[in-house]
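First up is the structure itself, then whatever we jot down about it.
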Amino acid sequence: MRMRILVIGSGAREHALVNALATPGNEVFAAPGNVGMEKATCFPSIHTTEQIADLCRQEVVDLVVVGPEVPLVEGLADGLRAEGIDVFGPSKRAARIEGSKAFAKDVMAKAGVKTARAEQITDAADIDTVLSLFEAPYVVKDDGLAAGKGVVVTEDLEAAKAHARDVIEAGNPVLVESFLDGPEISLFCLVAGETVVPLLPAQDHKRVGDNDEGPNTGGMGAYSPLPWLSDAQVNRIVDEVVRPVAKQLDKQGDTYNGLLYAGLAWGQDGPAVVEFNCRFGDPETQAVLALFGSNLSEYLLATATNQLVDMPPITWKPGYAVTVVLAAEGYPAHPVKGDTISGAEGALHAGTALQDGELVSAGGRVLSVVGTGETLEEARDAAYEKMSHISMRGGHYRTDIGKKAAEGKLSVQ
Ligand code: GLY
């Protein structure tokens with residue numbers, strides 16, 4: 001089936017979506033898009049729901065795929081559906097699964113899903129008392145949408161308190177959570193009401209430096225699938241976590257439609273939820289979609305139109321994929337912009353811009369590269385070989401994406 005698809009967003013995740021959706025016969029558009037999207041017609045000045053709806057009519061778009069969380073949490077999908085446009089992405093009410101931690105915790109409690117114990121702080125005077133209820137390592141989160149950068153996990157009580165004070169001073173509530181032990185898993189699922197179809201599991205690397213050192217970031221790299229997680233264990237996550245949550249959302253009138261991202265830690269008692277996101281993850285999507293062997297547009301349309309239940313199982317390419325992110329000097333705290341980039345042909349763009357015809361950095365996570373291979377080691381080699389051709393003053397990337405897994409150092413029971 002030939003489709004005309006509009007992708008909303010501008011990052012490397014959206015770049016990967018554009019590339020995966022631009023199969024022969026499909027026409028892909030992006031708003032605002034980025035300067036690297038060669039397979040899409042980009043509309044850099046289109047942002048509002050009204051502008052997007054107008055663009056859909058002008059270009060006779062069959063499906064809108066929303067990449068980032070902010071427009072979903074603000075109700076973009078509702079606005080477009082009200083105009084009769086098919087959208088892959090949850091309603092404003094359902095997107096609270098990411099936008100409101102209190103909502104997510106309530107849904108999980110009702111669905112009987114394991115997650116961390118959490119306390120919210122809105123008054124700086126309560127920081128000491130609430131933190132005294134927890135043990136190290138302290139997990140202190142910005143309870144707004146902080147793109148992963150608002151989380152501090154630290155053994156240092158004073159650092160935990162300082163982060164909580166900073167978040168409250170910035171005007172957001174703080175969430176303190178008990179630490180969930182065990183390897184982290186990102187499981188993306190297509191969800192249409194009660195129908196749940198998992199994609200391949202992935203693992204993100206959130207700390208800025210090798211060996212998981214330094215501050216948290218939006219994600220510095222990922223690999224997929226996870227050689228240490230069996231299909232039966234993926235099914236256990238679907239049965240114990242994702243399907244109960246999808247059912248609960250449906251039951252309470254917040255029916256979910258789109259990509260539900262379960263961020264989990266698999267500890268001694270099995271999988272527990274660290275967080276839910278209401279969209280594809282970045283940088284995991286770049287790796288997961290590199291292995292998608294079916295026609296992605298058909299699955300996203302079937303989800304959007306509540307026909308996912310009728311779709312055949314997804315075909316996956318054999319082997320592994322690894323994403324490595326190139327970040328700007330100073331990222332995540334104070335990324336420097338304007339550095340010239342060379343050798344980035346074929347990379348997925350995120351924080352890039354064209355300045356006098358030259359490609360320059362324009363954000364913290366600048367671009368990502370994806371390598372694939374029969375083994376995880378080969379996929380790592382392929383990704384790092386691509387990265388070795390890219391140069392940018394001050395640019396930095398992790399050299400150990402997928403390394404522990406490739407060395408057999410991760411396992412779960
Ligand atoms: N990979 C982290 C995120 O997308 O939120």
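To be explicit about the labels: the chains of the structure tokens are called A, B, and onward in the order shown, and within each one the residues are counted from 1, while ligands get numbers from 1 in the order they are shown.
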
Once you count only C-alpha atoms and all ligand atoms, what closest atom pair and distance in Å to one decimal does each residue of chain A within 12 Å of ligand 1 have, with rows by chain and rising residue number, as a tab-separated table?
residue	atom	partner	partner_atom_place_in_ligand_line	distance
A:Gly11	CA	ligand 1	4 (O)	11.0
A:Ala12	CA	ligand 1	4 (O)	11.0
A:Arg13	CA	ligand 1	4 (O)	8.8
A:Glu14	CA	ligand 1	4 (O)	11.7
A:Gly67	CA	ligand 1	4 (O)	10.2
A:Pro68	CA	ligand 1	4 (O)	8.9
A:Glu69	CA	ligand 1	5 (O)	9.1
A:Val70	CA	ligand 1	5 (O)	11.9
A:Glu98	CA	ligand 1	5 (O)	9.7
A:Gly99	CA	ligand 1	5 (O)	11.9
A:Leu145	CA	ligand 1	5 (O)	9.9
A:Ala146	CA	ligand 1	5 (O)	9.1
A:Ala147	CA	ligand 1	5 (O)	5.9
A:Gly148	CA	ligand 1	5 (O)	5.5
A:Lys149	CA	ligand 1	5 (O)	9.1
A:Gly150	CA	ligand 1	5 (O)	11.0
A:Val151	CA	ligand 1	5 (O)	11.1
A:Glu184	CA	ligand 1	1 (N)	10.8
A:Ile185	CA	ligand 1	1 (N)	10.1
A:Ser186	CA	ligand 1	1 (N)	7.7
A:Leu187	CA	ligand 1	1 (N)	10.5
A:Phe188	CA	ligand 1	4 (O)	10.4
A:Ala202	CA	ligand 1	1 (N)	9.5
A:Gln203	CA	ligand 1	1 (N)	8.3
A:Asp204	CA	ligand 1	1 (N)	5.6
A:His205	CA	ligand 1	1 (N)	7.9
A:Lys206	CA	ligand 1	1 (N)	7.3
A:Arg207	CA	ligand 1	2 (C)	11.0
A:Asn216	CA	ligand 1	2 (C)	10.3
A:Thr217	CA	ligand 1	2 (C)	8.5
A:Gly218	CA	ligand 1	2 (C)	5.6
A:Gly219	CA	ligand 1	1 (N)	5.2
A:Met220	CA	ligand 1	1 (N)	8.5
A:Gly221	CA	ligand 1	1 (N)	8.5
A:Ala222	CA	ligand 1	1 (N)	8.2
A:Tyr223	CA	ligand 1	1 (N)	11.1
A:Leu259	CA	ligand 1	4 (O)	11.7
A:Leu260	CA	ligand 1	4 (O)	11.3
A:Tyr261	CA	ligand 1	4 (O)	8.4
A:Ala262	CA	ligand 1	5 (O)	10.0
A:Gly263	CA	ligand 1	2 (C)	8.3
A:Leu264	CA	ligand 1	2 (C)	11.4
A:Val274	CA	ligand 1	5 (O)	11.2
A:Glu275	CA	ligand 1	5 (O)	9.1
A:Phe276	CA	ligand 1	5 (O)	8.9
A:Asn277	CA	ligand 1	5 (O)	6.8
A:Cys278	CA	ligand 1	5 (O)	9.4
A:Arg279	CA	ligand 1	4 (O)	7.9
A:Phe280	CA	ligand 1	4 (O)	6.6
A:Gly281	CA	ligand 1	4 (O)	3.2
A:Asp282	CA	ligand 1	4 (O)	4.0
A:Pro283	CA	ligand 1	1 (N)	5.5
A:Glu284	CA	ligand 1	1 (N)	6.0
A:Thr285	CA	ligand 1	4 (O)	8.3
A:Gln286	CA	ligand 1	1 (N)	10.4
A:Ala287	CA	ligand 1	1 (N)	11.3
A:Val288	CA	ligand 1	1 (N)	11.9
A:Thr323	CA	ligand 1	1 (N)	11.3
A:Val325	CA	ligand 1	1 (N)	11.4

(message) With only C-alpha atoms as the counted atoms, please give the residues lying no more than 10 Å from range 295-308 of chain A, apart from itself and same-chain residues fewer than 6 positions off, as a ChimeraX atom specification.
(response) /A:1-5,17,20-23,26,62-65,85-90,190-197,256-259,289,314-315

(message) as a list in words, please: the residues near Val370 in chain A (cut-off 8 Å, only C-alpha atoms, same-chain neighbours under 3 positions excluded).
(response)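 In the requested format, the answer is Gln286, Ala287, Ala290, Ala321, Val322, Thr323, Val324, Ala347, Ala382, Ala383 and Lys386 of chain A.
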
Atoms to include: N, CA and C atoms. Write the selected residues as a compact mmCIF listing (two decimals), in the first residue's frame.
# COMPACT_ATOMS: atom_id res chain seq x y z
N GLN A 286 16.81 4.09 16.83
CA GLN A 286 17.72 4.01 15.69
C GLN A 286 18.22 2.58 15.52
N ALA A 287 18.47 1.87 16.64
CA ALA A 287 18.94 0.49 16.56
C ALA A 287 17.78 -0.46 16.23
N ALA A 290 16.58 -0.39 12.65
CA ALA A 290 17.56 -0.91 11.69
C ALA A 290 17.33 -2.41 11.44
N ALA A 321 22.00 -4.54 16.13
CA ALA A 321 22.25 -3.16 15.71
C ALA A 321 22.73 -2.36 16.92
N VAL A 322 23.65 -1.46 16.66
CA VAL A 322 24.22 -0.61 17.71
C VAL A 322 24.16 0.84 17.26
N THR A 323 23.63 1.70 18.14
CA THR A 323 23.62 3.15 17.88
C THR A 323 24.66 3.81 18.77
N VAL A 324 25.44 4.71 18.21
CA VAL A 324 26.37 5.51 19.01
C VAL A 324 26.07 6.98 18.73
N ALA A 347 24.81 9.57 8.50
CA ALA A 347 24.48 9.62 9.93
C ALA A 347 23.07 10.13 10.12
N ALA A 382 30.94 -2.04 13.37
CA ALA A 382 30.39 -1.29 12.23
C ALA A 382 30.01 0.14 12.65
N ALA A 383 29.41 0.26 13.85
CA ALA A 383 29.01 1.60 14.32
C ALA A 383 30.24 2.47 14.57
N LYS A 386 31.90 3.72 11.44
CA LYS A 386 31.22 4.91 10.87
C LYS A 386 31.60 6.16 11.66

(message) Can you pull out the residues contacting range 349-362 of chain A? Cut-off 6 Å, using only C-alpha atoms, and skip same-chain residues under 3 positions away; I want them as a PyMOL selection string.
(response) chain A and resi 11-12+36+337-341+365-367

Keeping only N, CA and C atoms, write those residues as a short mmCIF file (atom, residue, chain, number, x, y, z; two decimals), in the first residue's frame.
data_model
loop_
_atom_site.label_atom_id
_atom_site.label_comp_id
_atom_site.auth_asym_id
_atom_site.auth_seq_id
_atom_site.Cartn_x
_atom_site.Cartn_y
_atom_site.Cartn_z
N GLY A 11 14.64 15.06 15.55
CA GLY A 11 15.84 14.41 16.08
C GLY A 11 16.28 13.20 15.27
N ALA A 12 17.28 12.49 15.83
CA ALA A 12 17.79 11.30 15.16
C ALA A 12 16.74 10.19 15.17
N GLY A 36 19.42 16.77 7.77
CA GLY A 36 19.96 15.52 7.21
C GLY A 36 18.92 14.63 6.56
N LYS A 337 27.61 25.09 20.73
CA LYS A 337 27.04 24.99 19.37
C LYS A 337 27.99 25.63 18.35
N GLY A 338 27.75 25.32 17.09
CA GLY A 338 28.46 26.03 16.01
C GLY A 338 29.74 25.38 15.56
N ASP A 339 30.04 24.16 16.04
CA ASP A 339 31.26 23.50 15.58
C ASP A 339 31.03 22.78 14.24
N THR A 340 32.00 22.91 13.36
CA THR A 340 31.89 22.31 12.02
C THR A 340 31.96 20.78 12.10
N ILE A 341 31.10 20.14 11.33
CA ILE A 341 31.06 18.66 11.32
C ILE A 341 31.45 18.18 9.92
N ARG A 365 22.95 16.52 21.72
CA ARG A 365 23.21 15.28 20.98
C ARG A 365 23.17 15.66 19.51
N VAL A 366 24.30 15.56 18.86
CA VAL A 366 24.45 16.15 17.52
C VAL A 366 23.95 15.19 16.44
N LEU A 367 24.40 13.96 16.51
CA LEU A 367 23.95 12.97 15.52
C LEU A 367 24.20 11.58 16.05
#

(request) Quick one: pull the distance between CA of Phe179 in chain A and CA of Ile237 in chain A, Å, one decimal. (result)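 One can read the CA of Phe179 in chain A to CA of Ile237 in chain A distance as 19.1 Å.
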
Residues of range 134-168 of chain A that have any atom at most 8 Å from an atom of range 124-127 of chain A: could you tabulate them with the shortest-distance atom pair and the distance in Å to one decimal, using only C-alpha atoms, ordered by chain and increasing number, as JSON lines?
{"residue": "A:Lys161", "atom": "CA", "partner": "A:Ile127", "partner_atom": "CA", "distance": 6.6}
{"residue": "A:Ala164", "atom": "CA", "partner": "A:Ile127", "partner_atom": "CA", "distance": 7.0}
{"residue": "A:Arg165", "atom": "CA", "partner": "A:Ala124", "partner_atom": "CA", "distance": 6.1}
{"residue": "A:Ile168", "atom": "CA", "partner": "A:Ala124", "partner_atom": "CA", "distance": 6.6}
